[in-house]
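Asker: My questions all concern the structure below.
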Amino acid sequence: MTIKKMAKLLPLLAMAMAAGAHAQDKLTLQLKWVTQAQFAGYYVAKDKGYYKDVGLDVTIKAGGPDINPSQVIAGGGADVVVDWMPSALATREKGVPLVNIAQVFQRSGMQLTCRNDSGIKSPADFKGKTLGVWFSGNEYPFLSWMDKLGLKTTGGADGVKVLKQGFNVDPLLQKQADCISTMTYNEYWQLIDAGMKPEQLTVFKYEDQGVATLEDGLYTLEKNLSDPKMSEKLARFVKASMKGWDDAVKNQADAVKIVLKNDASGAQTAKHQTRMMGEIAKLVGTGKTGQLDMKAYQRTVDTLMKGKSDPVITKMPSGATTDKIWLAAQK
Amino acid sequence: MIRRHVIAALSLLVLVALAAGLLGRVQGDQPHGTDAAGVWIVLAGWVVLLWFVLGRLAQLQGRVLSLLAPAVFGLAMLYLWEILVVGWDVPRVLLPAPRAVGEALSVRWNVLWPDFKQTAISVVAGYCAGCGAGFGVALLADRYRLIQRGLLPLAGLAGAVPIVGIAPIMVMWFGFDWESKAAVAAIVTFFPMLVNTLAGLSAVDAMHRDLMRTYGAGHAATLLKLRLPSALPFVFNALKINSTLALISAIVAEFFGSPIYGLGFRISAEVARMNVDVVWAAIALAALAGSLFYGLIALVERVMTFWHASYRA
């Protein structure tokens, strides 16, 4: 080969080397629901370049109705998912080895909202009433609570009639249900926006009833944790994500803008997202963002196992959590 | 003749014995390497033997014996499913073995049977409402040209409505219980019935119609004595199509808001809980019910339209 020919190859070689140097590791995150402020931390981390800074190219997949993140990761559609602990533990018991690597939400946002004109003033009044709850993995805290109250979910005068509610608040507006499940940051405000006044509603927060379970956390499969390269990627991911969360909680207006920008459906409004961001900030732990409090974990496990007739999980989970990734992310 | 039967019976016996042996081998300690290759080779040979046996069985005659070939074929398919799932160690959350499905069916029968009853109510109610309405409107459209020209395009719109779009709206209108699912089934079954009935009413021989005219028969008499009986094959066509459509649409409608029982609810709730064997059990139950429903209508059709050319074969 002549010198001239080799010189022609040089730019190609340089490009290849440059590409190699800037190669980012790919990672796919599956969210639990549609793009909204509930996942602001991840969108902030992506848009403000925190993922890029740690050398990650993260694809954020939005969730939606009947998309169960545990199923997605079981089917190989994601490397890490956002899911609620009851669903993850139940799935783990079914044979899909999910492990919690970070606990983003320290408090539960789940609540049961009832119409005052249904005559419900306390959980003792639930007997014989119609209650709505979502399924697809969100029903576990509700079923635990009903079990704790000793109420059969099959209806009848001594139990409660349960409706599988869709992802809207119509059953309460149309009086098809006496109470429906709402999140403090989402559906409750949809009720207010639809014209209901706070004085017309009675809210039972799961935190106040002592049946709260841990919600949004990051989960991955066991095989990813035994692979050192993947574990290292996950540690970088957790580091950048928690940075994104800290940023989102501190700069909520920015976070709302970023979420709206990433909303491909165009269905979200600034008013709703601003409210949501404010409520979400109350749920994300202050201080050690993302660290799983083992006492809270144990409380969740106890709540899920206490079910007399239909416990969500039947055996004490082992190996369902790890602090390896979170600790590596602190470095 | 006897010799043919004996060969068929003997080869069937060999088939069953070999199948049992293979399954036992695979379920014991998982064979590895050359052992595994051996199992797959024997299974391939088994399939060839199955082909031979089915060929022999298909030649058998008689009401009971002629059912043997399809029965063996069905059982062989179930067996192949079982051995492939067990042999390849397919994860249970992806595809459970038929035995797991059967177990789920019996263990959760106390839940699946009320589910089935709930869905059945909405299917039957919706089916009757939709087919009845379709038939009635077809008679009206046949009598009054105005209705035909005005209504038919609108009915076409009704037929094109996607179930997943209409189901939440019906839930809002009629509530969470079976009424909304029946409404969805009624909407879905309306158009096929309307179109088929109209086609049947107009598919009468011109000569037959002229004959009725020469007898001085009015519209009603012509309808009852000539055109409706002639339209029956078309009507039954629609009834058969609608039987499966009604079941499918009722089950899908249950995904969008239901009380916590019903086959559609069971499928959607259990798939989210990764109880895939219960999902398959519900599917099997729905498929069985749908086939029986279809078969029942086909039987009634045979009785009522025995004169049709398709039965002369």
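Chain labels A, B, ... are given in the sequence in which chains occur in the structure tokens; within each chain residues are numbered consecutively from 1, and ligands are likewise numbered from 1 in the order shown.
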Got a sec to pull out which chain A residues are within 6 Å of chain B, counting only C-alpha atoms, and send them as a PyMOL selection string?

Answerer: chain A and resi 136+163-166

Asker: Hey, can you spit out that residue selection with C-alpha atoms as a short mmCIF file (atom, residue, chain, number, x, y, z; two decimals), in the first residue's frame?

Answerer:
```
data_model
loop_
_atom_site.label_atom_id
_atom_site.label_comp_id
_atom_site.auth_asym_id
_atom_site.auth_seq_id
_atom_site.Cartn_x
_atom_site.Cartn_y
_atom_site.Cartn_z
CA SER A 136 -52.28 -4.76 37.02
CA LEU A 163 -64.78 -2.78 41.00
CA LYS A 164 -61.81 -2.96 38.74
CA GLN A 165 -61.63 0.72 38.01
CA GLY A 166 -60.16 2.05 34.83
#
```

Asker: Apply DSSP to the structure's backbone, then extract all residues of region 9-136 of chain B labelled helix (DSSP H, G or I) and return them as an MDAnalysis selection string.

Answerer: chainID B and resid 9:27 33:58 65:87 98:107 109:136

Asker: Suppose we keep C-alpha atoms; can you now write the selection as a CSV table (one decimal), in the first residue's frame?

Answerer:
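Final output, selection03.csv:
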```csv
chain,number,residue,atom,x,y,z
B,9,ALA,CA,-55.1,-50.4,17.1
B,10,LEU,CA,-51.6,-51.9,17.6
B,11,SER,CA,-49.8,-48.9,16.1
B,12,LEU,CA,-51.9,-46.6,18.3
B,13,LEU,CA,-50.8,-48.6,21.4
B,14,VAL,CA,-47.2,-48.3,20.4
B,15,LEU,CA,-47.7,-44.6,19.9
B,16,VAL,CA,-49.1,-44.1,23.4
B,17,ALA,CA,-46.5,-46.3,25.0
B,18,LEU,CA,-43.6,-44.4,23.3
B,19,ALA,CA,-45.2,-41.1,24.2
B,20,ALA,CA,-45.4,-42.0,27.9
B,21,GLY,CA,-41.8,-43.3,27.8
B,22,LEU,CA,-40.5,-40.1,26.3
B,23,LEU,CA,-42.3,-37.9,28.7
B,24,GLY,CA,-41.1,-39.9,31.6
B,25,ARG,CA,-37.5,-39.7,30.4
B,26,VAL,CA,-37.7,-35.9,29.9
B,27,GLN,CA,-39.4,-35.2,33.3
B,33,GLY,CA,-25.8,-33.7,25.5
B,34,THR,CA,-26.1,-36.8,23.4
B,35,ASP,CA,-29.0,-38.0,25.6
B,36,ALA,CA,-31.0,-35.0,24.8
B,37,ALA,CA,-30.2,-35.4,21.1
B,38,GLY,CA,-31.5,-39.0,21.4
B,39,VAL,CA,-34.7,-37.8,22.9
B,40,TRP,CA,-35.4,-35.4,20.1
B,41,ILE,CA,-34.6,-38.0,17.5
B,42,VAL,CA,-37.0,-40.4,19.1
B,43,LEU,CA,-39.6,-37.6,19.2
B,44,ALA,CA,-39.1,-37.0,15.5
B,45,GLY,CA,-39.7,-40.7,14.9
B,46,TRP,CA,-42.8,-40.5,17.1
B,47,VAL,CA,-44.2,-37.8,14.9
B,48,VAL,CA,-43.6,-39.9,11.8
B,49,LEU,CA,-45.4,-42.8,13.5
B,50,LEU,CA,-48.2,-40.4,14.4
B,51,TRP,CA,-48.6,-39.5,10.8
B,52,PHE,CA,-48.9,-43.1,9.9
B,53,VAL,CA,-51.4,-43.9,12.6
B,54,LEU,CA,-53.6,-40.9,11.7
B,55,GLY,CA,-53.6,-42.0,8.1
B,56,ARG,CA,-54.9,-45.4,9.1
B,57,LEU,CA,-57.4,-44.0,11.6
B,58,ALA,CA,-58.8,-41.6,9.0
B,65,LEU,CA,-64.7,-44.8,14.9
B,66,SER,CA,-64.6,-41.8,12.5
B,67,LEU,CA,-64.2,-39.6,15.6
B,68,LEU,CA,-61.0,-41.4,16.6
B,69,ALA,CA,-58.7,-39.6,14.1
B,70,PRO,CA,-59.6,-36.1,15.3
B,71,ALA,CA,-59.5,-37.2,18.9
B,72,VAL,CA,-56.0,-38.7,18.5
B,73,PHE,CA,-54.9,-35.6,16.6
B,74,GLY,CA,-56.1,-33.3,19.4
B,75,LEU,CA,-54.5,-35.4,22.1
B,76,ALA,CA,-51.2,-35.6,20.1
B,77,MET,CA,-51.1,-31.8,19.9
B,78,LEU,CA,-51.6,-31.5,23.6
B,79,TYR,CA,-48.8,-34.1,24.1
B,80,LEU,CA,-46.4,-32.3,21.8
B,81,TRP,CA,-47.1,-29.0,23.7
B,82,GLU,CA,-46.4,-30.7,27.0
B,83,ILE,CA,-43.2,-32.4,25.9
B,84,LEU,CA,-41.8,-29.4,24.1
B,85,VAL,CA,-42.4,-27.1,27.1
B,86,VAL,CA,-41.0,-29.6,29.5
B,87,GLY,CA,-38.1,-30.7,27.3
B,98,PRO,CA,-51.0,-28.3,29.5
B,99,ARG,CA,-50.8,-30.1,32.7
B,100,ALA,CA,-50.2,-26.9,34.6
B,101,VAL,CA,-53.2,-25.4,32.8
B,102,GLY,CA,-55.4,-28.3,33.7
B,103,GLU,CA,-54.3,-28.0,37.3
B,104,ALA,CA,-55.1,-24.3,37.3
B,105,LEU,CA,-58.5,-25.1,35.8
B,106,SER,CA,-59.4,-27.6,38.6
B,107,VAL,CA,-57.7,-25.7,41.5
B,109,TRP,CA,-62.6,-23.8,39.4
B,110,ASN,CA,-64.4,-22.1,42.3
B,111,VAL,CA,-63.4,-18.8,40.8
B,112,LEU,CA,-63.5,-19.6,37.1
B,113,TRP,CA,-67.0,-21.0,37.1
B,114,PRO,CA,-68.6,-17.7,38.5
B,115,ASP,CA,-66.4,-15.8,36.1
B,116,PHE,CA,-67.8,-17.9,33.2
B,117,LYS,CA,-71.4,-17.4,34.4
B,118,GLN,CA,-70.8,-13.6,34.6
B,119,THR,CA,-69.4,-13.5,31.1
B,120,ALA,CA,-72.1,-15.9,29.8
B,121,ILE,CA,-74.9,-13.6,30.9
B,122,SER,CA,-73.5,-10.6,29.0
B,123,VAL,CA,-72.7,-12.7,26.0
B,124,VAL,CA,-76.2,-14.2,25.7
B,125,ALA,CA,-78.0,-10.9,26.4
B,126,GLY,CA,-75.8,-9.0,24.0
B,127,TYR,CA,-76.1,-11.7,21.3
B,128,CYS,CA,-79.9,-11.8,21.5
B,129,ALA,CA,-80.2,-8.0,21.5
B,130,GLY,CA,-77.7,-7.4,18.7
B,131,CYS,CA,-79.0,-10.2,16.4
B,132,GLY,CA,-82.6,-9.3,17.2
B,133,ALA,CA,-82.0,-5.7,16.4
B,134,GLY,CA,-80.1,-6.5,13.3
B,135,PHE,CA,-82.8,-8.8,12.0
B,136,GLY,CA,-85.6,-6.3,12.8
```

Asker: For Lys250 (chain A), please output as an MDAnalysis selection string all residues within 12 Å (counting only C-alpha atoms; exclusion window: fewer than 5 positions along the same chain).

Answerer: chainID A and resid 40:41 44 243:245 255:256 277:278 280:282 284 286

Asker: So which bits of region 61-282 of chain A end up strand (DSSP E or B) when you DSSP the backbone, as a PDB file with C-alpha atoms, in the first residue's frame?

Answerer:
```pdb
ATOM      1  CA  LYS A  61     -39.831   3.826  27.981  1.00  0.00           C
ATOM      2  CA  VAL A  80     -34.216  -1.632  34.977  1.00  0.00           C
ATOM      3  CA  VAL A  81     -37.816  -0.782  35.843  1.00  0.00           C
ATOM      4  CA  VAL A  82     -39.759   1.498  38.148  1.00  0.00           C
ATOM      5  CA  ASP A  83     -42.255  -0.579  40.080  1.00  0.00           C
ATOM      6  CA  LEU A  98     -36.493  -9.043  40.713  1.00  0.00           C
ATOM      7  CA  VAL A  99     -34.237  -7.202  43.117  1.00  0.00           C
ATOM      8  CA  ASN A 100     -34.693  -3.692  44.537  1.00  0.00           C
ATOM      9  CA  ILE A 101     -31.613  -1.569  43.873  1.00  0.00           C
ATOM     10  CA  ALA A 102     -32.956   1.820  44.994  1.00  0.00           C
ATOM     11  CA  GLN A 103     -36.072   3.073  46.796  1.00  0.00           C
ATOM     12  CA  PHE A 105     -40.296   7.125  47.131  1.00  0.00           C
ATOM     13  CA  MET A 110     -52.017   5.904  47.685  1.00  0.00           C
ATOM     14  CA  GLN A 111     -55.373   6.807  49.165  1.00  0.00           C
ATOM     15  CA  LEU A 112     -59.043   5.839  48.989  1.00  0.00           C
ATOM     16  CA  THR A 113     -61.300   8.802  48.174  1.00  0.00           C
ATOM     17  CA  CYS A 114     -64.968   8.549  49.119  1.00  0.00           C
ATOM     18  CA  ARG A 115     -68.007  10.708  48.448  1.00  0.00           C
ATOM     19  CA  THR A 130     -68.717  -0.405  46.477  1.00  0.00           C
ATOM     20  CA  LEU A 131     -65.008   0.369  46.300  1.00  0.00           C
ATOM     21  CA  GLY A 132     -62.913   0.779  43.199  1.00  0.00           C
ATOM     22  CA  VAL A 133     -59.267  -0.217  42.776  1.00  0.00           C
ATOM     23  CA  THR A 154     -66.580 -10.817  47.159  1.00  0.00           C
ATOM     24  CA  LYS A 161     -68.111  -4.935  46.404  1.00  0.00           C
ATOM     25  CA  VAL A 162     -64.939  -4.273  44.464  1.00  0.00           C
ATOM     26  CA  LEU A 163     -64.785  -2.779  41.000  1.00  0.00           C
ATOM     27  CA  LYS A 164     -61.813  -2.963  38.744  1.00  0.00           C
ATOM     28  CA  CYS A 179     -65.015   5.157  46.920  1.00  0.00           C
ATOM     29  CA  ILE A 180     -62.222   4.923  44.395  1.00  0.00           C
ATOM     30  CA  SER A 181     -58.495   4.539  44.633  1.00  0.00           C
ATOM     31  CA  THR A 182     -56.593   7.730  43.916  1.00  0.00           C
ATOM     32  CA  MET A 183     -53.003   8.863  44.189  1.00  0.00           C
ATOM     33  CA  LEU A 201     -64.823  14.111  49.673  1.00  0.00           C
ATOM     34  CA  THR A 202     -63.412  12.033  52.508  1.00  0.00           C
ATOM     35  CA  VAL A 203     -59.882  10.801  51.972  1.00  0.00           C
ATOM     36  CA  PHE A 204     -58.263   7.795  53.660  1.00  0.00           C
ATOM     37  CA  LYS A 205     -54.492   7.855  53.181  1.00  0.00           C
ATOM     38  CA  GLY A 217     -38.448   1.989  43.413  1.00  0.00           C
ATOM     39  CA  LEU A 218     -35.880   0.766  40.903  1.00  0.00           C
ATOM     40  CA  TYR A 219     -35.775  -2.971  40.210  1.00  0.00           C
ATOM     41  CA  THR A 220     -33.600  -5.203  38.070  1.00  0.00           C
ATOM     42  CA  LEU A 221     -33.099  -8.917  37.496  1.00  0.00           C
TER      43      LEU A 221
END
```

Asker: Can you tell me which residues surround region 209-211 of chain B at a distance of at most 12 Å, considering only C-alpha atoms, apart from same-chain residues fewer than 2 positions away, and format the answer as a list in words?

Answerer: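 Listed by chain and then number, they are Leu201, Ser202, Ala203, Val204, Asp205, Ala206, Met207, Arg213, Thr214, Tyr215, Gly216, Ala217, Gly218, His219, Ala221, Thr222, Leu223, Lys225, Leu226, Arg227 and Ser230 of chain B.
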
Asker: Pick out the residues sitting within 7 Å of Gly128 (chain A), and hand them over as a PyMOL selection string; count only C-alpha atoms, and ignore anything fewer than 3 positions along from it in its own chain.

Answerer: chain A and resi 155-161

Asker: One decimal, Å: what's the distance from CA of Asn138 (chain A) over to CA of Ala253 (chain A), could you say?

Answerer: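 Pair CA of Asn138 (chain A) / CA of Ala253 (chain A) returns 29.0 Å.
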
Asker: Mind giving me the straight-line distance from CA of Ala141 (chain B) to CA of Met212 (chain B) in Å, one decimal?

Answerer: 20.8 Å

Asker: Thr189 (chain B): which residues within 7 Å, counting only C-alpha atoms, same-chain residues fewer than 3 positions away excluded, as a VMD selection string?

Answerer: chain B and resid 127 130 to 131 185 to 186 192 to 193 242 245 to 246

Asker: How would the residues just picked look written out with N, CA and C atoms as an mmCIF file, in the first residue's frame?

Answerer:
```
data_model
loop_
_atom_site.group_PDB
_atom_site.id
_atom_site.type_symbol
_atom_site.label_atom_id
_atom_site.label_comp_id
_atom_site.auth_asym_id
_atom_site.auth_seq_id
_atom_site.Cartn_x
_atom_site.Cartn_y
_atom_site.Cartn_z
ATOM 1 N N TYR B 127 -75.872 -10.924 22.576
ATOM 2 C CA TYR B 127 -76.086 -11.665 21.331
ATOM 3 C C TYR B 127 -77.539 -11.566 20.885
ATOM 4 N N GLY B 130 -78.364 -7.867 19.961
ATOM 5 C CA GLY B 130 -77.737 -7.436 18.711
ATOM 6 C C GLY B 130 -78.319 -8.138 17.498
ATOM 7 N N CYS B 131 -78.458 -9.465 17.581
ATOM 8 C CA CYS B 131 -79.000 -10.204 16.437
ATOM 9 C C CYS B 131 -80.460 -9.841 16.209
ATOM 10 N N ALA B 185 -71.422 -6.199 23.140
ATOM 11 C CA ALA B 185 -71.669 -7.374 22.298
ATOM 12 C C ALA B 185 -72.807 -7.080 21.315
ATOM 13 N N ALA B 186 -73.835 -6.349 21.780
ATOM 14 C CA ALA B 186 -74.967 -6.029 20.916
ATOM 15 C C ALA B 186 -74.523 -5.155 19.749
ATOM 16 N N PRO B 192 -73.151 -7.435 11.329
ATOM 17 C CA PRO B 192 -73.118 -8.677 10.531
ATOM 18 C C PRO B 192 -74.512 -9.243 10.305
ATOM 19 N N MET B 193 -75.354 -9.173 11.374
ATOM 20 C CA MET B 193 -76.703 -9.718 11.245
ATOM 21 C C MET B 193 -77.500 -8.921 10.218
ATOM 22 N N ASN B 242 -71.613 -14.271 14.653
ATOM 23 C CA ASN B 242 -71.879 -13.463 15.842
ATOM 24 C C ASN B 242 -71.644 -14.218 17.131
ATOM 25 N N LEU B 245 -68.086 -13.619 17.825
ATOM 26 C CA LEU B 245 -67.876 -12.178 18.002
ATOM 27 C C LEU B 245 -68.399 -11.688 19.340
ATOM 28 N N ALA B 246 -69.588 -12.162 19.714
ATOM 29 C CA ALA B 246 -70.185 -11.719 20.974
ATOM 30 C C ALA B 246 -69.302 -12.124 22.147
#
```

Asker: Can you tell me how far CA of Val259 (chain A) sits from CA of Leu214 (chain A), in Å to one decimal?

Answerer: 23.5 Å

Asker: Leaving out region 290-300 of chain B and any residue of its chain fewer than 2 positions from it, which residues lie within 9 Å of it when counting only C-alpha atoms, given as an mmCIF file with C-alpha atoms, in the first residue's frame?

Answerer:
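File part01.cif, as written:
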```
data_model
loop_
_atom_site.group_PDB
_atom_site.id
_atom_site.type_symbol
_atom_site.label_atom_id
_atom_site.label_comp_id
_atom_site.auth_asym_id
_atom_site.auth_seq_id
_atom_site.Cartn_x
_atom_site.Cartn_y
_atom_site.Cartn_z
ATOM 1 C CA PHE B 236 -77.482 -18.641 10.176
ATOM 2 C CA LEU B 239 -75.644 -16.132 13.748
ATOM 3 C CA LYS B 240 -72.571 -18.343 13.636
ATOM 4 C CA ILE B 241 -70.197 -15.426 13.066
ATOM 5 C CA SER B 243 -71.574 -16.288 18.355
ATOM 6 C CA THR B 244 -67.805 -15.965 18.467
ATOM 7 C CA LEU B 247 -67.935 -13.822 23.206
ATOM 8 C CA ILE B 248 -64.760 -12.024 22.137
ATOM 9 C CA LEU B 285 -62.783 -22.234 29.108
ATOM 10 C CA ALA B 286 -63.741 -19.369 26.789
ATOM 11 C CA ALA B 287 -62.632 -21.312 23.706
ATOM 12 C CA LEU B 288 -64.629 -24.350 24.791
ATOM 13 C CA ARG B 302 -78.783 -28.283 10.039
ATOM 14 C CA VAL B 303 -82.283 -28.969 11.276
ATOM 15 C CA MET B 304 -83.806 -25.826 9.790
ATOM 16 C CA THR B 305 -81.976 -25.647 6.469
#
```

Asker: Pick the closest to Arg236 (chain A) from A:Ala62, A:Phe126, A:Gln174, A:Gln330: which is it, counting only C-alpha atoms?

Answerer: A:Gln330

Asker: Would you give me, as a tab-separated table, each residue of region 10-124 of chain A having an atom within 12 Å of an atom of region 308-329 of chain A, along with its shortest atom pair and that distance in Å to one decimal, using only C-alpha atoms and sorting by chain and residue number?

Answerer:
```
residue	atom	partner	partner_atom	distance
A:Val54	CA	A:Ala329	CA	10.8
A:Met85	CA	A:Ala320	CA	9.7
A:Pro86	CA	A:Val312	CA	7.6
A:Ser87	CA	A:Val312	CA	8.9
A:Ala88	CA	A:Ala320	CA	8.7
A:Leu89	CA	A:Pro317	CA	7.2
A:Ala90	CA	A:Ile313	CA	5.8
A:Thr91	CA	A:Ile313	CA	9.3
A:Arg92	CA	A:Ala320	CA	7.7
A:Glu93	CA	A:Ile313	CA	7.0
A:Lys94	CA	A:Ile313	CA	9.5
A:Gly95	CA	A:Pro317	CA	11.7
A:Val96	CA	A:Ala320	CA	10.8
A:Pro97	CA	A:Ala320	CA	7.8
A:Leu98	CA	A:Ala320	CA	6.6
A:Val99	CA	A:Ala320	CA	4.7
A:Asn100	CA	A:Thr321	CA	4.5
A:Ile101	CA	A:Thr322	CA	5.6
A:Ala102	CA	A:Trp326	CA	6.3
A:Gln103	CA	A:Trp326	CA	9.4
A:Val104	CA	A:Trp326	CA	11.0
```

Asker: Those same residues, written as a PDB file, in the first residue's frame with C-alpha atoms?

Answerer:
```
ATOM      1  CA  VAL A  54     -21.559   9.190  33.658  1.00  0.00           C
ATOM      2  CA  MET A  85     -42.677  -3.163  45.989  1.00  0.00           C
ATOM      3  CA  PRO A  86     -45.821  -5.353  46.431  1.00  0.00           C
ATOM      4  CA  SER A  87     -45.954  -6.061  42.724  1.00  0.00           C
ATOM      5  CA  ALA A  88     -42.209  -6.744  42.576  1.00  0.00           C
ATOM      6  CA  LEU A  89     -42.298  -9.108  45.581  1.00  0.00           C
ATOM      7  CA  ALA A  90     -45.316 -10.975  44.234  1.00  0.00           C
ATOM      8  CA  THR A  91     -43.617 -11.333  40.861  1.00  0.00           C
ATOM      9  CA  ARG A  92     -40.454 -12.516  42.585  1.00  0.00           C
ATOM     10  CA  GLU A  93     -42.448 -15.234  44.290  1.00  0.00           C
ATOM     11  CA  LYS A  94     -43.807 -16.310  40.902  1.00  0.00           C
ATOM     12  CA  GLY A  95     -40.287 -16.991  39.700  1.00  0.00           C
ATOM     13  CA  VAL A  96     -39.090 -13.732  38.154  1.00  0.00           C
ATOM     14  CA  PRO A  97     -36.001 -12.790  40.235  1.00  0.00           C
ATOM     15  CA  LEU A  98     -36.493  -9.043  40.713  1.00  0.00           C
ATOM     16  CA  VAL A  99     -34.237  -7.202  43.117  1.00  0.00           C
ATOM     17  CA  ASN A 100     -34.693  -3.692  44.537  1.00  0.00           C
ATOM     18  CA  ILE A 101     -31.613  -1.569  43.873  1.00  0.00           C
ATOM     19  CA  ALA A 102     -32.956   1.820  44.994  1.00  0.00           C
ATOM     20  CA  GLN A 103     -36.072   3.073  46.796  1.00  0.00           C
ATOM     21  CA  VAL A 104     -36.973   6.487  45.399  1.00  0.00           C
TER      22      VAL A 104
END
```
